[in-house]
>>> print(open('final.cif').read())   # mmCIF, C-alpha atoms
data_model
loop_
_atom_site.label_atom_id
_atom_site.label_comp_id
_atom_site.auth_asym_id
_atom_site.auth_seq_id
_atom_site.Cartn_x
_atom_site.Cartn_y
_atom_site.Cartn_z
CA MET A 1 -16.43 -19.12 -10.28
CA ARG A 2 -14.19 -18.44 -13.23
CA HIS A 3 -15.81 -21.11 -15.42
CA ASN A 4 -19.30 -19.70 -15.03
CA ALA A 5 -18.44 -16.17 -16.13
CA GLY A 6 -19.35 -16.91 -19.71
CA SER A 7 -23.01 -17.34 -18.72
CA VAL A 8 -23.61 -13.62 -19.04
CA ARG A 9 -26.05 -12.90 -21.88
CA ASP A 10 -27.14 -9.46 -22.98
CA GLY A 11 -30.81 -10.37 -22.98
CA GLY A 12 -30.76 -12.33 -19.71
CA ARG A 13 -31.63 -11.52 -16.14
CA TRP A 14 -29.21 -10.34 -13.48
CA THR A 15 -28.39 -13.62 -11.73
CA ARG A 16 -27.09 -14.24 -8.21
CA HIS A 17 -23.75 -15.29 -9.68
CA GLN A 18 -23.43 -11.99 -11.54
CA ALA A 19 -24.34 -10.12 -8.35
CA TRP A 20 -21.44 -11.83 -6.56
CA LEU A 21 -19.08 -10.85 -9.37
CA VAL A 22 -20.17 -7.22 -9.13
CA ALA A 23 -19.79 -7.40 -5.34
CA GLY A 24 -16.22 -8.69 -5.69
CA THR A 25 -15.42 -5.85 -8.07
CA ALA A 26 -17.05 -3.36 -5.72
CA LEU A 27 -14.84 -4.48 -2.83
CA THR A 28 -11.78 -3.29 -4.76
CA ILE A 29 -13.35 0.17 -4.94
CA VAL A 30 -14.18 0.18 -1.22
CA VAL A 31 -10.47 -0.13 -0.46
CA ASP A 32 -9.67 2.32 -3.28
CA GLY A 33 -11.94 4.91 -1.66
CA LEU A 34 -10.44 4.11 1.75
CA ASP A 35 -6.88 4.77 0.59
CA ILE A 36 -7.79 7.87 -1.43
CA GLN A 37 -9.06 9.68 1.67
CA LEU A 38 -6.49 8.63 4.28
CA LEU A 39 -4.19 11.61 3.77
CA GLY A 40 -6.93 14.22 4.10
CA ASN A 41 -7.86 12.75 7.47
CA ALA A 42 -4.23 12.58 8.61
CA ILE A 43 -3.30 16.20 7.75
CA PRO A 44 -4.15 17.72 11.18
CA SER A 45 -1.92 15.15 12.92
CA LEU A 46 0.88 15.67 10.40
CA MET A 47 0.66 19.44 10.90
CA ARG A 48 1.19 19.00 14.65
CA GLU A 49 3.91 16.34 14.42
CA TRP A 50 5.96 18.10 11.74
CA SER A 51 5.15 21.68 12.86
CA LEU A 52 4.00 22.66 9.36
CA PRO A 53 1.07 24.82 8.21
CA ARG A 54 -1.85 23.36 6.24
CA SER A 55 -0.60 24.94 2.99
CA ALA A 56 2.69 23.00 3.26
CA PHE A 57 0.75 19.86 2.36
CA SER A 58 -0.84 21.22 -0.83
CA THR A 59 1.70 19.49 -3.07
CA ALA A 60 1.52 16.23 -1.13
CA LEU A 61 -2.28 16.30 -1.45
CA ALA A 62 -1.97 16.94 -5.19
CA MET A 63 0.52 14.11 -5.82
CA SER A 64 -1.96 11.28 -5.32
CA PRO A 65 -4.49 12.64 -7.85
CA LEU A 66 -1.62 13.40 -10.25
CA GLY A 67 -0.65 9.74 -10.06
CA MET A 68 -4.31 8.80 -10.41
CA MET A 69 -4.57 10.92 -13.56
CA ILE A 70 -1.71 9.02 -15.19
CA GLY A 71 -2.83 5.69 -13.74
CA GLY A 72 -6.39 6.18 -14.97
CA ALA A 73 -5.35 6.77 -18.57
CA LEU A 74 -2.79 3.96 -18.63
CA GLY A 75 -5.00 1.61 -16.63
CA GLY A 76 -7.97 1.97 -18.98
CA TRP A 77 -5.75 1.45 -22.04
CA TRP A 78 -4.08 -1.53 -20.39
CA GLY A 79 -7.44 -3.08 -19.46
CA ASP A 80 -8.58 -2.90 -23.10
CA ARG A 81 -5.53 -4.95 -24.05
CA ILE A 82 -4.75 -7.47 -21.29
CA GLY A 83 -8.16 -7.69 -19.63
CA ARG A 84 -10.15 -5.74 -17.03
CA ARG A 85 -9.51 -8.24 -14.22
CA SER A 86 -5.71 -8.34 -14.51
CA ALA A 87 -5.43 -4.57 -14.82
CA LEU A 88 -7.81 -3.97 -11.89
CA LEU A 89 -6.19 -6.36 -9.44
CA SER A 90 -2.65 -5.30 -10.36
CA SER A 91 -3.73 -1.76 -9.52
CA VAL A 92 -5.12 -2.86 -6.15
CA LEU A 93 -1.89 -4.64 -5.19
CA THR A 94 0.11 -1.56 -6.21
CA PHE A 95 -1.80 0.99 -4.17
CA GLY A 96 -2.07 -1.37 -1.20
CA ALA A 97 1.68 -1.88 -0.99
CA LEU A 98 2.51 1.80 -1.50
CA THR A 99 -0.06 2.97 1.03
CA ALA A 100 1.58 0.77 3.67
CA VAL A 101 5.01 2.18 2.74
CA THR A 102 3.60 5.71 3.21
CA ALA A 103 3.75 5.04 6.97
CA THR A 104 7.56 5.44 6.71
CA ALA A 105 7.42 9.01 5.34
CA ASP A 106 9.40 11.57 7.34
CA SER A 107 8.81 14.73 5.29
CA ALA A 108 6.17 16.38 3.14
CA ALA A 109 8.31 15.69 0.05
CA ALA A 110 8.61 11.97 0.82
CA LEU A 111 4.90 11.86 1.60
CA GLY A 112 4.08 13.39 -1.79
CA ALA A 113 6.38 11.01 -3.69
CA LEU A 114 4.85 7.93 -2.07
CA ARG A 115 1.31 9.15 -2.63
CA PHE A 116 2.10 9.78 -6.31
CA ILE A 117 3.19 6.18 -6.84
CA ALA A 118 0.23 4.86 -4.88
CA GLY A 119 -1.96 7.10 -7.04
CA LEU A 120 -0.92 5.19 -10.16
CA GLY A 121 -2.66 2.14 -8.74
CA LEU A 122 -5.59 4.07 -7.29
CA GLY A 123 -6.29 5.65 -10.68
CA GLY A 124 -5.94 2.43 -12.64
CA ALA A 125 -8.55 0.66 -10.52
CA LEU A 126 -11.59 2.84 -11.25
CA PRO A 127 -11.95 2.60 -15.06
CA ASN A 128 -11.31 -1.14 -15.04
CA ALA A 129 -13.76 -1.73 -12.19
CA ALA A 130 -16.45 0.23 -14.05
CA ALA A 131 -15.83 -1.66 -17.29
CA LEU A 132 -15.64 -5.04 -15.54
CA ALA A 133 -18.85 -4.53 -13.55
CA SER A 134 -20.72 -3.34 -16.64
CA GLU A 135 -19.65 -6.39 -18.65
CA TYR A 136 -20.64 -8.90 -15.97
CA VAL A 137 -24.37 -8.03 -16.37
CA PRO A 138 -26.95 -7.51 -19.16
CA PRO A 139 -26.99 -4.00 -20.72
CA ARG A 140 -30.25 -2.95 -19.04
CA GLN A 141 -28.61 -3.43 -15.65
CA ARG A 142 -25.33 -1.69 -16.44
CA PRO A 143 -26.10 1.74 -14.93
CA LEU A 144 -27.04 0.13 -11.62
CA ALA A 145 -24.08 -2.30 -11.66
CA VAL A 146 -21.56 0.46 -12.41
CA THR A 147 -23.08 2.80 -9.82
CA LEU A 148 -23.12 0.07 -7.17
CA THR A 149 -19.41 -0.40 -7.86
CA ILE A 150 -18.27 3.23 -8.03
CA VAL A 151 -20.49 4.21 -5.07
CA CYS A 152 -18.01 2.25 -3.00
CA VAL A 153 -15.54 5.17 -3.29
CA PRO A 154 -17.49 7.20 -0.68
CA LEU A 155 -18.23 3.99 1.21
CA GLY A 156 -14.47 3.54 1.49
CA GLY A 157 -14.17 7.24 2.34
CA MET A 158 -16.72 6.81 5.11
CA LEU A 159 -14.64 3.91 6.42
CA ALA A 160 -11.50 6.07 6.22
CA ALA A 161 -13.14 8.86 8.22
CA PHE A 162 -14.45 6.60 10.97
CA LEU A 163 -11.21 4.58 11.06
CA SER A 164 -9.18 7.79 11.32
CA ALA A 165 -11.27 9.06 14.21
CA ARG A 166 -10.36 5.91 16.16
CA VAL A 167 -6.88 4.93 14.99
CA ILE A 168 -5.14 8.33 14.91
CA PRO A 169 -5.87 9.38 18.52
CA ALA A 170 -4.89 5.94 19.84
CA TYR A 171 -2.01 4.85 17.58
CA GLY A 172 -1.04 7.77 15.34
CA TRP A 173 -1.24 8.47 11.61
CA ARG A 174 1.41 5.88 10.67
CA ALA A 175 -0.77 3.05 11.96
CA LEU A 176 -3.61 4.38 9.82
CA PHE A 177 -1.55 3.99 6.62
CA LEU A 178 -0.33 0.53 7.65
CA VAL A 179 -3.90 -0.69 8.08
CA GLY A 180 -4.99 1.12 4.90
CA GLY A 181 -2.27 -0.66 2.92
CA PHE A 182 -2.53 -4.17 4.32
CA VAL A 183 -6.28 -4.58 3.73
CA PRO A 184 -6.31 -3.86 -0.06
CA PHE A 185 -3.14 -5.89 -0.62
CA LEU A 186 -4.74 -8.91 1.06
CA LEU A 187 -8.01 -8.39 -0.83
CA GLY A 188 -6.22 -8.13 -4.19
CA ALA A 189 -4.33 -11.36 -3.55
CA ILE A 190 -7.58 -13.19 -2.72
CA LEU A 191 -9.51 -11.82 -5.71
CA PHE A 192 -6.74 -12.86 -8.11
CA ARG A 193 -7.79 -16.43 -7.29
CA VAL A 194 -11.57 -16.06 -7.49
CA LEU A 195 -12.56 -13.15 -9.75
CA PRO A 196 -12.98 -14.04 -13.47
CA GLU A 197 -12.23 -11.97 -16.55
CA SER A 198 -14.99 -9.99 -18.26
CA PRO A 199 -16.98 -12.40 -20.49
CA ARG A 200 -17.63 -9.60 -22.99
CA PHE A 201 -13.88 -8.89 -23.20
CA LEU A 202 -13.08 -12.58 -23.73
CA ALA A 203 -15.85 -13.03 -26.32
CA ASP A 204 -14.84 -10.00 -28.37
CA ARG A 205 -11.06 -10.20 -28.00
CA SER A 206 -10.33 -12.42 -30.98
CA GLU A 207 -12.36 -10.55 -33.59
CA ARG A 208 -12.39 -6.93 -32.58
CA PRO A 209 -9.96 -4.27 -33.85
CA ARG A 210 -7.74 -2.54 -31.33
CA GLY A 211 -9.22 0.76 -30.19
CA VAL A 212 -6.95 3.79 -30.00
CA LEU A 213 -7.25 7.20 -28.38
CA ARG A 214 -8.27 8.96 -31.59
CA ASP A 215 -11.36 6.74 -31.76
CA LEU A 216 -12.80 8.76 -28.87
CA PHE A 217 -12.88 11.79 -31.19
CA ALA A 218 -14.58 10.12 -34.13
CA PRO A 219 -17.46 12.33 -35.42
CA ALA A 220 -20.11 10.24 -33.67
CA LEU A 221 -18.33 10.50 -30.30
CA ARG A 222 -16.48 13.83 -30.36
CA ARG A 223 -19.18 15.98 -28.75
CA ASP A 224 -19.91 13.49 -25.97
CA THR A 225 -16.21 12.90 -25.31
CA LEU A 226 -15.49 16.61 -24.85
CA ALA A 227 -18.59 17.08 -22.69
CA LEU A 228 -17.61 14.12 -20.51
CA PHE A 229 -14.13 15.57 -20.13
CA GLY A 230 -15.62 18.81 -18.79
CA ALA A 231 -18.07 17.03 -16.50
CA PHE A 232 -15.42 14.73 -15.01
CA PHE A 233 -12.97 17.62 -14.57
CA PHE A 234 -15.26 19.91 -12.61
CA CYS A 235 -17.05 17.18 -10.67
CA LEU A 236 -13.81 15.58 -9.50
CA LEU A 237 -12.54 19.05 -8.61
CA ALA A 238 -15.61 19.62 -6.44
CA ASN A 239 -15.52 16.17 -4.83
CA TYR A 240 -11.86 16.36 -3.90
CA VAL A 241 -12.05 19.90 -2.57
CA GLY A 242 -14.37 18.20 -0.08
CA PHE A 243 -12.43 14.97 0.48
CA LEU A 244 -9.05 16.66 0.92
CA LEU A 245 -9.89 19.84 2.81
CA LEU A 246 -13.19 19.51 4.64
CA VAL A 247 -11.47 18.15 7.76
CA PRO A 248 -8.76 20.88 7.87
CA THR A 249 -11.44 23.52 7.17
CA LEU A 250 -13.52 22.39 10.13
CA THR A 251 -10.56 21.98 12.50
CA GLY A 252 -9.56 25.53 11.54
CA ALA A 253 -13.05 26.64 12.62
CA GLY A 254 -12.64 25.07 16.07
CA PHE A 255 -13.78 21.47 15.53
CA THR A 256 -11.71 18.64 17.02
CA GLN A 257 -10.10 16.24 14.55
CA PRO A 258 -12.45 13.34 15.46
CA ALA A 259 -15.48 15.64 15.14
CA ALA A 260 -14.29 16.99 11.77
CA SER A 261 -13.59 13.45 10.50
CA GLY A 262 -17.07 12.53 11.69
CA VAL A 263 -18.60 15.25 9.50
CA LEU A 264 -16.61 13.92 6.53
CA GLY A 265 -17.87 10.45 7.40
CA TRP A 266 -21.49 11.64 7.20
CA TRP A 267 -20.65 13.50 3.98
CA ASN A 268 -19.69 10.10 2.57
CA VAL A 269 -22.80 8.44 4.02
CA GLY A 270 -24.77 10.99 1.99
CA GLY A 271 -22.58 10.09 -0.98
CA VAL A 272 -23.52 6.42 -0.79
CA ALA A 273 -27.23 7.16 -0.45
CA GLY A 274 -27.16 9.80 -3.18
CA ALA A 275 -25.46 7.50 -5.66
CA LEU A 276 -28.02 4.76 -5.12
CA VAL A 277 -30.87 7.24 -5.54
CA GLY A 278 -29.20 8.51 -8.71
CA ALA A 279 -28.87 5.02 -10.19
CA LEU A 280 -32.50 4.15 -9.49
CA SER A 281 -33.64 7.50 -10.85
CA ILE A 282 -31.75 6.89 -14.10
CA GLN A 283 -33.70 3.67 -14.60
CA ARG A 284 -36.96 5.59 -14.24
CA VAL A 285 -36.34 8.93 -15.96
CA GLY A 286 -32.95 8.57 -17.68
CA SER A 287 -29.57 10.10 -16.99
CA LYS A 288 -30.13 13.62 -18.32
CA VAL A 289 -32.98 14.61 -16.02
CA THR A 290 -31.38 12.80 -13.07
CA MET A 291 -27.88 14.23 -13.40
CA LEU A 292 -28.93 17.79 -14.19
CA GLY A 293 -31.35 17.76 -11.26
CA LEU A 294 -28.71 16.46 -8.85
CA SER A 295 -26.22 19.08 -10.07
CA ALA A 296 -28.73 21.84 -9.39
CA VAL A 297 -29.35 20.59 -5.84
CA ALA A 298 -25.58 20.49 -5.26
CA VAL A 299 -25.28 24.15 -6.29
CA ALA A 300 -28.06 25.16 -3.89
CA SER A 301 -26.58 23.14 -1.01
CA ALA A 302 -23.14 24.68 -1.50
CA GLY A 303 -24.71 28.13 -1.39
CA ILE A 304 -26.35 27.33 1.96
CA LEU A 305 -23.03 26.14 3.44
CA ALA A 306 -21.23 29.24 2.17
CA SER A 307 -23.70 31.44 4.08
CA MET A 308 -23.63 29.36 7.28
CA ARG A 309 -21.64 30.15 10.44
CA LEU A 310 -19.62 27.12 11.54
CA ASP A 311 -20.32 26.37 15.21
CA PRO A 312 -18.72 23.25 16.80
CA GLN A 313 -21.44 23.32 19.47
CA ASN A 314 -24.35 23.34 17.01
CA THR A 315 -23.76 20.96 14.12
CA THR A 316 -27.25 19.72 13.22
CA MET A 317 -27.76 22.01 10.24
CA LEU A 318 -24.14 21.58 9.11
CA LEU A 319 -24.46 17.80 9.11
CA ALA A 320 -27.78 17.88 7.28
CA VAL A 321 -26.51 20.11 4.47
CA CYS A 322 -23.18 18.23 4.24
CA ILE A 323 -25.10 14.97 3.82
CA VAL A 324 -27.12 16.52 0.97
CA LEU A 325 -24.09 18.13 -0.70
CA GLY A 326 -21.96 14.99 -0.33
CA GLY A 327 -24.88 12.94 -1.64
CA THR A 328 -25.49 15.03 -4.74
CA LEU A 329 -21.81 15.49 -5.58
CA ASN A 330 -21.14 11.79 -5.39
CA ALA A 331 -24.39 10.85 -7.12
CA VAL A 332 -23.35 12.90 -10.14
CA GLN A 333 -19.80 11.55 -10.05
CA THR A 334 -20.71 7.87 -9.78
CA THR A 335 -23.48 7.96 -12.37
CA MET A 336 -21.03 9.69 -14.70
CA TYR A 337 -19.13 6.39 -14.93
CA ALA A 338 -22.36 4.67 -15.98
CA LEU A 339 -22.87 7.39 -18.58
CA ALA A 340 -19.35 6.86 -19.94
CA VAL A 341 -19.93 3.08 -20.11
CA HIS A 342 -23.07 3.82 -22.14
CA VAL A 343 -21.35 6.26 -24.50
CA TYR A 344 -18.37 4.05 -25.46
CA PRO A 345 -18.51 0.61 -27.20
CA THR A 346 -16.70 -2.43 -25.79
CA GLU A 347 -13.51 -2.13 -27.84
CA ILE A 348 -12.71 1.34 -26.49
CA ARG A 349 -14.70 1.28 -23.24
CA GLY A 350 -11.70 1.05 -20.93
CA THR A 351 -9.80 3.67 -22.92
CA GLY A 352 -12.82 5.98 -23.00
CA ILE A 353 -13.56 5.74 -19.29
CA GLY A 354 -9.89 5.90 -18.35
CA THR A 355 -9.22 8.99 -20.50
CA ALA A 356 -12.29 10.82 -19.21
CA VAL A 357 -11.28 10.05 -15.64
CA ALA A 358 -7.68 11.07 -16.38
CA VAL A 359 -8.86 14.48 -17.60
CA GLY A 360 -11.03 14.65 -14.49
CA ARG A 361 -7.96 13.97 -12.36
CA ILE A 362 -6.50 17.26 -13.54
CA GLY A 363 -9.34 18.84 -11.59
CA ASN A 364 -8.51 16.44 -8.77
CA VAL A 365 -4.86 17.62 -8.82
CA LEU A 366 -5.96 21.25 -8.73
CA ALA A 367 -8.44 20.67 -5.90
CA ALA A 368 -5.90 21.06 -3.09
CA TYR A 369 -4.63 24.33 -4.58
CA VAL A 370 -8.10 25.68 -5.37
CA GLY A 371 -9.40 24.78 -1.92
CA ASN A 372 -6.41 26.25 -0.09
CA PHE A 373 -6.55 29.39 -2.25
CA ALA A 374 -10.22 29.86 -1.38
CA LEU A 375 -9.56 29.27 2.33
CA ASP A 376 -6.65 31.71 2.38
CA ARG A 377 -8.60 34.44 0.54
CA GLY A 378 -12.08 34.09 2.00
CA GLY A 379 -12.15 31.40 4.68
CA ALA A 380 -14.91 28.82 4.91
CA PRO A 381 -17.50 30.84 2.89
CA ALA A 382 -15.14 31.03 -0.12
CA TYR A 383 -14.22 27.37 0.34
CA PHE A 384 -17.85 26.22 0.14
CA SER A 385 -18.50 28.58 -2.77
CA THR A 386 -16.01 26.61 -4.89
CA PHE A 387 -18.47 23.69 -4.87
CA ALA A 388 -21.23 25.87 -6.31
CA VAL A 389 -19.07 27.26 -9.12
CA ALA A 390 -17.73 23.83 -10.08
CA MET A 391 -21.17 22.22 -10.14
CA ILE A 392 -22.61 24.96 -12.34
CA LEU A 393 -19.94 24.01 -14.89
CA VAL A 394 -20.76 20.32 -14.43
CA PHE A 395 -24.42 21.11 -15.17
CA ILE A 396 -23.45 22.86 -18.41
CA SER A 397 -21.17 20.00 -19.48
CA LEU A 398 -23.79 17.32 -18.85
CA ALA A 399 -26.41 19.33 -20.73
CA ILE A 400 -24.16 19.13 -23.82
CA VAL A 401 -23.92 15.30 -23.79
CA ARG A 402 -26.00 13.91 -26.65
CA ARG A 403 -26.06 10.16 -25.91
CA HIS A 404 -27.62 10.10 -22.46
CA ILE A 405 -29.06 6.91 -20.97
CA GLY A 406 -32.78 6.62 -21.58
CA SER A 407 -35.19 5.49 -18.91
CA THR A 408 -35.49 2.00 -20.41
CA ALA A 409 -32.27 1.97 -22.47
CA ALA A 410 -30.70 -1.37 -23.20
CA ALA A 411 -27.23 -0.18 -24.03
CA ASP A 412 -25.54 -1.91 -26.94
CA ALA A 413 -22.05 -3.05 -26.05
#
>>> encode(input="final.cif", output="structure tokens")
Amino acid sequence: MRHNAGSVRDGGRWTRHQAWLVAGTALTIVVDGLDIQLLGNAIPSLMREWSLPRSAFSTALAMSPLGMMIGGALGGWWGDRIGRRSALLSSVLTFGALTAVTATADSAAALGALRFIAGLGLGGALPNAAALASEYVPPRQRPLAVTLTIVCVPLGGMLAAFLSARVIPAYGWRALFLVGGFVPFLLGAILFRVLPESPRFLADRSERPRGVLRDLFAPALRRDTLALFGAFFFCLLANYVGFLLLVPTLTGAGFTQPAASGVLGWWNVGGVAGALVGALSIQRVGSKVTMLGLSAVAVASAGILASMRLDPQNTTMLLAVCIVLGGTLNAVQTTMYALAVHVYPTEIRGTGIGTAVAVGRIGNVLAAYVGNFALDRGGAPAYFSTFAVAMILVFISLAIVRRHIGSTAAADA
């Protein structure tokens, strides 16, 4: 497999071989998404076992995204220097091992420390996976390839929700983290043997200058860089307010833990479908119309949830709106990676994506605090209102971006 990677040509078709390479990259993000969402699903069990309130886990919930913020920036920079493949798979092995070790935690402080270290690997995986997938295929196919890779975050989240609903009641939360750590570690070890380096990275490595952080703020890129920072910040804030606290919010309203995890699972099902719709829409009408439209639908859906009474006996409407909100939130988030790939040239692509995601992780870090603050002050209506406010700001940020993907754009590397 490794010897054929150089067959990628910018003007060529998307071959079966390239599809397998993207699929291998996407598998790393499935397990990334799985591990990201384990703690949110385990919180109700931890609250009971350790006799702690939900708010006692705010810092532990924030530690993983804090690690992801640092890991994203360093991982993107590292990938631009040593290669996307090596940086990606090293990240996978790191978060797999540390997720398994999380099963030994005996306090909220220990839990937070372990999730921080695991977060370094979780954050380093995403920018390198996006860059690697984009450079395996011709430019015209990059938005779809990147989206098909990053969409695996909610696919992994869906797996985490359904796995939690079955493993926690039968074996406890520690077994959940053991399984969640072993699977990515095994996958990373296998992919180290079969996944090749980016052909674009290898072709350009010898002659290109080394990109640095200040290149992101060159006159031609400054406006788009700042706008992407804002979009990633508020969209990751919105997504992780959902990932981290939807289950505790619903259990607080009378839902059982398996039922609440099931709602989060369907939220992620909507996320997968929404991201695919977003990628296909970008090919037809471009990223600006697609992403602004999806952001607007997210705002409307959040408003509906904020006005809805949560009833564990009548969940049809709740599930329907959660699927739409989860779908639009994730569609905007995943296509944002494709937009960042389009904005930045090869020599600073990893750094550009990684830095934008790192800024977004600040919103991710704040999500647990923002969500808990809203719940404490106004309950579920205030909690769901945070999605609407955040997505209004995402809409504004995306409207500022100048170099959107056109409907038939063949992005220059």
>>> closest_residue(input="final.cif", among="A:Ala399, A:Leu221, A:Val357, A:Leu250", to="A:Arg309", atoms="all atoms listed in the file")
A:Leu250
>>> residues_around(input="final.cif", residues="A:Gly242", least_positions_apart="2", cutoff="12 Å", atoms="all atoms listed in the file", output="PyMOL selection string")
chain A and resi 37+40-41+154+157+235-240+244-250+260-261+263-265+267-268+271+302+322-323+325-327+329-330+364+367-368+370-372+380+383-387+390
>>> write_last_selection(input="final.cif", atoms="C-alpha atoms", output="PDB file, in the frame of the given file")
ATOM      1  CA  GLN A  37      -9.060   9.680   1.670  1.00  0.00           C
ATOM      2  CA  GLY A  40      -6.930  14.220   4.100  1.00  0.00           C
ATOM      3  CA  ASN A  41      -7.860  12.750   7.470  1.00  0.00           C
ATOM      4  CA  PRO A 154     -17.490   7.200  -0.680  1.00  0.00           C
ATOM      5  CA  GLY A 157     -14.170   7.240   2.340  1.00  0.00           C
ATOM      6  CA  CYS A 235     -17.050  17.180 -10.670  1.00  0.00           C
ATOM      7  CA  LEU A 236     -13.810  15.580  -9.500  1.00  0.00           C
ATOM      8  CA  LEU A 237     -12.540  19.050  -8.610  1.00  0.00           C
ATOM      9  CA  ALA A 238     -15.610  19.620  -6.440  1.00  0.00           C
ATOM     10  CA  ASN A 239     -15.520  16.170  -4.830  1.00  0.00           C
ATOM     11  CA  TYR A 240     -11.860  16.360  -3.900  1.00  0.00           C
ATOM     12  CA  LEU A 244      -9.050  16.660   0.920  1.00  0.00           C
ATOM     13  CA  LEU A 245      -9.890  19.840   2.810  1.00  0.00           C
ATOM     14  CA  LEU A 246     -13.190  19.510   4.640  1.00  0.00           C
ATOM     15  CA  VAL A 247     -11.470  18.150   7.760  1.00  0.00           C
ATOM     16  CA  PRO A 248      -8.760  20.880   7.870  1.00  0.00           C
ATOM     17  CA  THR A 249     -11.440  23.520   7.170  1.00  0.00           C
ATOM     18  CA  LEU A 250     -13.520  22.390  10.130  1.00  0.00           C
ATOM     19  CA  ALA A 260     -14.290  16.990  11.770  1.00  0.00           C
ATOM     20  CA  SER A 261     -13.590  13.450  10.500  1.00  0.00           C
ATOM     21  CA  VAL A 263     -18.600  15.250   9.500  1.00  0.00           C
ATOM     22  CA  LEU A 264     -16.610  13.920   6.530  1.00  0.00           C
ATOM     23  CA  GLY A 265     -17.870  10.450   7.400  1.00  0.00           C
ATOM     24  CA  TRP A 267     -20.650  13.500   3.980  1.00  0.00           C
ATOM     25  CA  ASN A 268     -19.690  10.100   2.570  1.00  0.00           C
ATOM     26  CA  GLY A 271     -22.580  10.090  -0.980  1.00  0.00           C
ATOM     27  CA  ALA A 302     -23.140  24.680  -1.500  1.00  0.00           C
ATOM     28  CA  CYS A 322     -23.180  18.230   4.240  1.00  0.00           C
ATOM     29  CA  ILE A 323     -25.100  14.970   3.820  1.00  0.00           C
ATOM     30  CA  LEU A 325     -24.090  18.130  -0.700  1.00  0.00           C
ATOM     31  CA  GLY A 326     -21.960  14.990  -0.330  1.00  0.00           C
ATOM     32  CA  GLY A 327     -24.880  12.940  -1.640  1.00  0.00           C
ATOM     33  CA  LEU A 329     -21.810  15.490  -5.580  1.00  0.00           C
ATOM     34  CA  ASN A 330     -21.140  11.790  -5.390  1.00  0.00           C
ATOM     35  CA  ASN A 364      -8.510  16.440  -8.770  1.00  0.00           C
ATOM     36  CA  ALA A 367      -8.440  20.670  -5.900  1.00  0.00           C
ATOM     37  CA  ALA A 368      -5.900  21.060  -3.090  1.00  0.00           C
ATOM     38  CA  VAL A 370      -8.100  25.680  -5.370  1.00  0.00           C
ATOM     39  CA  GLY A 371      -9.400  24.780  -1.920  1.00  0.00           C
ATOM     40  CA  ASN A 372      -6.410  26.250  -0.090  1.00  0.00           C
ATOM     41  CA  ALA A 380     -14.910  28.820   4.910  1.00  0.00           C
ATOM     42  CA  TYR A 383     -14.220  27.370   0.340  1.00  0.00           C
ATOM     43  CA  PHE A 384     -17.850  26.220   0.140  1.00  0.00           C
ATOM     44  CA  SER A 385     -18.500  28.580  -2.770  1.00  0.00           C
ATOM     45  CA  THR A 386     -16.010  26.610  -4.890  1.00  0.00           C
ATOM     46  CA  PHE A 387     -18.470  23.690  -4.870  1.00  0.00           C
ATOM     47  CA  ALA A 390     -17.730  23.830 -10.080  1.00  0.00           C
TER      48      ALA A 390
END
>>> resolve_selection(input="final.cif", expression="the PyMOL selection byres ((chain A and resi 300) around 12)", output="VMD selection string")
chain A and resid 293 to 299 301 to 307 321 to 322 324 to 325 328 to 329 384 to 385 387 to 389 391 to 392
>>> closest_atom_pairs(input="final.cif", of="stretch 165-205 of chain A", to="stretch 95-117 of chain A", cutoff="9 Å", atoms="all atoms listed in the file", output="JSON lines")
{"residue": "A:Trp173", "atom": "CA", "partner": "A:Ala103", "partner_atom": "CA", "distance": 7.6}
{"residue": "A:Arg174", "atom": "CA", "partner": "A:Ala103", "partner_atom": "CA", "distance": 4.5}
{"residue": "A:Ala175", "atom": "CA", "partner": "A:Ala103", "partner_atom": "CA", "distance": 7.0}
{"residue": "A:Leu176", "atom": "CA", "partner": "A:Ala103", "partner_atom": "CA", "distance": 7.9}
{"residue": "A:Phe177", "atom": "CA", "partner": "A:Ala100", "partner_atom": "CA", "distance": 5.4}
{"residue": "A:Leu178", "atom": "CA", "partner": "A:Ala100", "partner_atom": "CA", "distance": 4.4}
{"residue": "A:Val179", "atom": "CA", "partner": "A:Ala100", "partner_atom": "CA", "distance": 7.2}
{"residue": "A:Gly180", "atom": "CA", "partner": "A:Thr99", "partner_atom": "CA", "distance": 6.5}
{"residue": "A:Gly181", "atom": "CA", "partner": "A:Ala100", "partner_atom": "CA", "distance": 4.2}
{"residue": "A:Phe182", "atom": "CA", "partner": "A:Gly96", "partner_atom": "CA", "distance": 6.2}
{"residue": "A:Val183", "atom": "CA", "partner": "A:Gly96", "partner_atom": "CA", "distance": 7.2}
{"residue": "A:Pro184", "atom": "CA", "partner": "A:Gly96", "partner_atom": "CA", "distance": 5.0}
{"residue": "A:Phe185", "atom": "CA", "partner": "A:Gly96", "partner_atom": "CA", "distance": 4.7}
{"residue": "A:Leu186", "atom": "CA", "partner": "A:Gly96", "partner_atom": "CA", "distance": 8.3}
{"residue": "A:Gly188", "atom": "CA", "partner": "A:Gly96", "partner_atom": "CA", "distance": 8.5}
>>> residues_near_point(input="final.cif", point="(-23.5, -4.9, -13.4)", cutoff="6 Å", atoms="all atoms listed in the file", output="JSON, numbers by chain")
{"A": [22, 133, 134, 136, 137, 141, 142, 145, 146]}
>>> residues_near_point(input="final.cif", point="(-14.5, -12.2, -18.1)", cutoff="8 Å", atoms="only C-alpha atoms", output="list in words")
Arg2, Ala5, Gly6, Gly83, Arg84, Arg85, Leu132, Glu135, Tyr136, Pro196, Glu197, Ser198, Pro199, Arg200, Phe201 and Leu202 of chain A
>>> axis_aligned_box(input="final.cif", around="stretch 74-87 of chain A", padding_each_side="5 Å", output="lines of an AutoDock Vina configuration file")
center_x = -6.5
center_y = -2.2
center_z = -19.1
size_x = 17.4
size_y = 22.3
size_z = 19.8
